[in-house]
Amino acid sequence: MVDALCQNLLGRDAGDGSDAKRGASKWRCPTGECTRVSEWVKADRLHPLVPRTTERFKSLYHQRGAVEREFGRLKHEWAILPLRIRGLAKVRLHTDLTILSKLALALAAESA
């Protein structure tokens with residue numbers, strides 16, 4: 001892990017790139033004193049693919065609230081939470097039809 005690689009990275013929150021296929025972030029020694037200058041670290045809660053100090057992370061995090069509100073509306077107002085059906089295929093069909101009807105209502109309200 002990063003802690004074993006370089007003590008200079010402790011407390012540092014910015015990565016030096018990421019690779020979604022690897023599911024890892026590249027971390028480099030900020031001083032260049034280490035024998036291994038860079039290391040791929042598997043992405044997790046402590047080392048995300050998008051570093052927390054970047055503007056991209058802030059914009060993604062602010063969008064999360066809107067997504068969580070919409071999921072809450074779908075579960076409580078559009079009856080996705082109390083399902084009376086079983087099986088993944090039936091649940092997907094029910095959810096897809098619910099979202100499709102919600103989008104159709106929004107489209108009709110926008111065009112009227």
# chains A, B, ... in the order shown; residues from 1 in each chain; ligands from 1
>>> select_by_dssp(residues="stretch 35-107 of chain A", states="strand (DSSP E)", output="list in words")
Ser38, Glu39, Trp40, Val41 and Lys42 of chain A
>>> closest_residue(among="A:Lys21, A:His62, A:Arg69, A:Lys102", to="A:Leu49", atoms="only C-alpha atoms")
A:Lys21
>>> closest_residue(among="A:Ser111, A:Ser101, A:Thr95, A:Gln63", to="A:Lys75", atoms="only C-alpha atoms")
A:Thr95
>>> atom_distance(atom1="atom CA of A:Tyr61", atom2="atom CA of A:Leu46")
15.5 Å
>>> residues_around(residues="A:Ile80", least_positions_apart="3", cutoff="10 Å", atoms="only C-alpha atoms", output="number ranges by chain")
A: 71-77, 83-84, 91, 94-95, 98-99
>>> atom_distance(atom1="atom CA of A:Lys26", atom2="atom CA of A:Glu55")
18.4 Å
